[in-house]
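Trainee: First the structure, then my questions, so here it is.
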Amino acid sequence: MGIVFRQSIKTSLVIFTGAFLGTIIMFLSNHFIDKQSLGFARNLTNVALVLSQFCILGLNSTMVVFIHKYTDVRRKLLITFGILIPLLFALLATLPFHLLEPWVLRHFQPDDIPFMRRYYMLIPVFTGLLIMLVLLEQYLGTQMKVAVSSFMKEVVLRIVNIAIIILFAFGYVSLDFYIISTVLIYIIPIVIYLIIASRIDGFGFSFKFSAFSKPEYKELLHFSWYHFLLSASITLMGYLDTVAIPLYDHDGLKSVAVYMTAVFFISFMQMPSKAMMTPTITVLAQAIANNDNDKAKDVFVRSSINVLLATTFMAVMILCNIDNALVLMNKGYGQVGLIFLILFIGRYVDLATGLNDAVLSITNYYKFSFYVSLFMIVILFVLVKFLIPLYGVYGAAWSTTITLILFNICKYVFVWKKLDMQPFSMNTILVLIAGMVTLVAGYYFPNFLKGKGHMYIYTFVDAALRGGVIVVVYLLMLYWLKPSADLREYIASVRKNKRLF
């Protein structure tokens with residue numbers, strides 16, 4: 001677990017830097033890009049993400065789980081299948097996607113149809129780029145190169161994005177340039193990922209199809225098929241609300257801009273989990289492949305506590321600063337605060353219930369996640385179709401939260417009963433106590449500077465002071481309660497070696 005924790009710390013630093021840059025992007029976008037254009041850009045990303053998961057066909061999970069099983073030419077053949085087949089599938093799907101344009105566009109609000117028609121064919125281009133990005137990123141994750149890949153996506157891409165928005169704000173580039181370039185900039189990390197991957201022993205392509213036996217092909221196909229169904233269903237669960245908003249909300253793409261701003265704040269809570277997930281899954285998959293159940297349980301429990309520990313910190317930081325964040329919003333974004341609070345409930349339950357998805361995806365019980373997620377999609381679709389027309393973006397938020405809670409209860413009970421793994425212990429209570437004490441300290445910390453000087457200046461200063469109080473109180477609580485064995489080991493290592501890594 002030591003290397004997992006160190007990789008997670010490195011990646012977390014990168015992701016937090018990316019979060020800061022993302023906040024700048026959010027601020028600039030809300031002030032300089034109209035809500036319809038911004039809503040389209042956000043919707044374009046969501047649709048491309050959903051389509052990319054369908055085109056990947058579950059082969060990303062196959063690579064993650066089987067990459068360490070093969071050390072000969074079969075590894076290169078696995079990489080070949082894992083990367084080239086999704087790209088070929090996406091290319092073949094472009095023609096029917098083009099032919100379906102009239103049918104797709106008539107489902108949007110009348111004011112949004114011309115906008116959608118103008119940039120419709122950007123969707124398959126973006127989908128192809130995201131396929132390549134996801135596959136290479138997950139491959140690098142299996143080689144413990146998580147921090148490098150995260151740096152490209154979280155930092156480099158966002159710096160380029162900021163530059164494009166500033167150029168648009170000052171009139172140096174057109175709206176067409178802004179929207180098209182936000183898609184094409186993904187070529188940058190893809191090229192760098194390929195350069196990094198090419199320097200790793202074992203990376204490459206092979207067309208020696210006879211390297212796999214028929215039973216191995218059957219095993220890979222079976223595994224990929226169910227993980228394709230699983231990833232497609234889980235992706236739909238994660239994005240159905242945002243994809244459905246422009247179809248059912250009367251304000252169309254403008255509502256997407258508002259809703260996605262709240263989702264952006266929610267994404268801060270997911271950052272620790274993102275940093276820890278890939279290296280943890282790699283170690284967990286190795287333990288399960290070696291039938292080392294004791295190690296698998298240990299990794300599961302310790303990682304679940306670490307995720308909860310970091311997630312709770314982020315949750316407290318956001319809750320205590322949400323009012324400051326809303327000060328930075330442009331007019332027309334007043335709904336963001338309530339949307340965030342609704343989404344917060346479901347997302348915290350999702351992250352607090354541990355790595356159940358990871359365990360199910362790499363064991364023989366991965367079919368369970370598919371069947372449950374399929375049932376949950378039906379529930380989510382019914383809720384979305386009923387609640388969004390009635391309550392708009394609030395209906396979308398409640399639909400997602402209700403579905404997430406039900407989904408995680410099902411996974412938690414199943415993993416506990418079938419695998420004798422469950423993320424909760426006395427340490428869970430200790431983390432929650434540390435979080436509650438910190439929340440009280442941060443929330444009730446007085447705003448000394450409110451109304452003094454420029455609004456943005458005193459807001460940033462208050463956020464910095466409040467954030468400092470949260471960091472100090474939370475660290476002191478963790479030092480006192482000691483809920484995480486990995487954190488204790490990490491602190492001891494820092495003291496001994498006098499360095500962070």
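By convention here, the chains of the structure tokens are called A, B, ... in the order presented, each chain's residues are numbered starting at 1, and ligands are numbered starting at 1 in the order presented.
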Tell me, as a PyMOL selection string, which residues lie within 12 Å of Ile234 (chain A), counting only C-alpha atoms; anything in the same chain fewer than 2 positions away does not count.

Mentor: chain A and resi 49-50+53-54+58+227-232+236-240+357+361+369-378+380+403-404+407-408

Trainee: Within 12 Å of Leu309 (chain A), counting only C-alpha atoms, which residues show up once you throw out same-chain ones fewer than 5 positions away? Write them as number ranges by chain, please.

Mentor: A: 269, 272-273, 276, 302-304, 314-316, 348, 351-352, 354, 427-435, 474-475, 477-478, 481-487

Trainee: Between A:Thr311, A:Ser224, A:Ser29, A:Thr17, which has the minimum distance to Ile165 (chain A) (counting only C-alpha atoms)?

Mentor: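 Answer, going by the shortest atom-to-atom distance: A:Ser29.
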
Trainee: Extract, using only C-alpha atoms, all DNA, RNA and protein residues at most 12 Å from Tyr248 (chain A), discarding same-chain residues fewer than 6 positions from it, and format them as a PyMOL selection string.

Mentor: chain A and resi 107-110+240-242+255-256+381+383-393+395-396

Trainee: Taking into account only C-alpha atoms, which residue in the set A:Thr80, A:Gln270, A:Thr261, A:Thr312 is nearest to Phe203 (chain A)?

Mentor: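 Nearest to Phe203 (chain A): A:Thr80.
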
Trainee: Which is closest to Tyr119 (chain A) among A:Ile195, A:Leu175, A:Ala358, A:Ile345, if we use only C-alpha atoms?

Mentor: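 The closest residue to Tyr119 (chain A) is A:Leu175.
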
Trainee: Out of A:Tyr443, A:Phe205, A:Phe81, A:Phe414, which residue has the shortest atom-to-atom distance to Tyr217 (chain A) when counting only C-alpha atoms?

Mentor: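 Distance minimum relative to Tyr217 (chain A) lands on A:Phe81.
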
Trainee: What's the 8 Å shell around Ile67 (chain A), counting only C-alpha atoms, without same-chain residues fewer than 5 positions away, as an MDAnalysis selection string?

Mentor: chainID A and resid 62 75 78 142

Trainee: Can those selected residues be exported to a file as a PDB file, in the first residue's frame so that it contains C-alpha atoms?

Mentor:
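Now in part21.pdb:
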```pdb
ATOM      1  CA  THR A  62      -9.668  -5.719 -19.909  1.00  0.00           C
ATOM      2  CA  ARG A  75       0.802  -8.169 -23.905  1.00  0.00           C
ATOM      3  CA  LEU A  78      -3.699  -7.127 -25.861  1.00  0.00           C
ATOM      4  CA  THR A 142      -1.254   0.254 -14.780  1.00  0.00           C
TER       5      THR A 142
END
```

Trainee: One number please: CA of Gly468 (chain A) to CA of Tyr456 (chain A), in Å, one decimal.

Mentor: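 Atom-to-atom, CA of Gly468 (chain A) and CA of Tyr456 (chain A) are spaced 18.2 Å apart.
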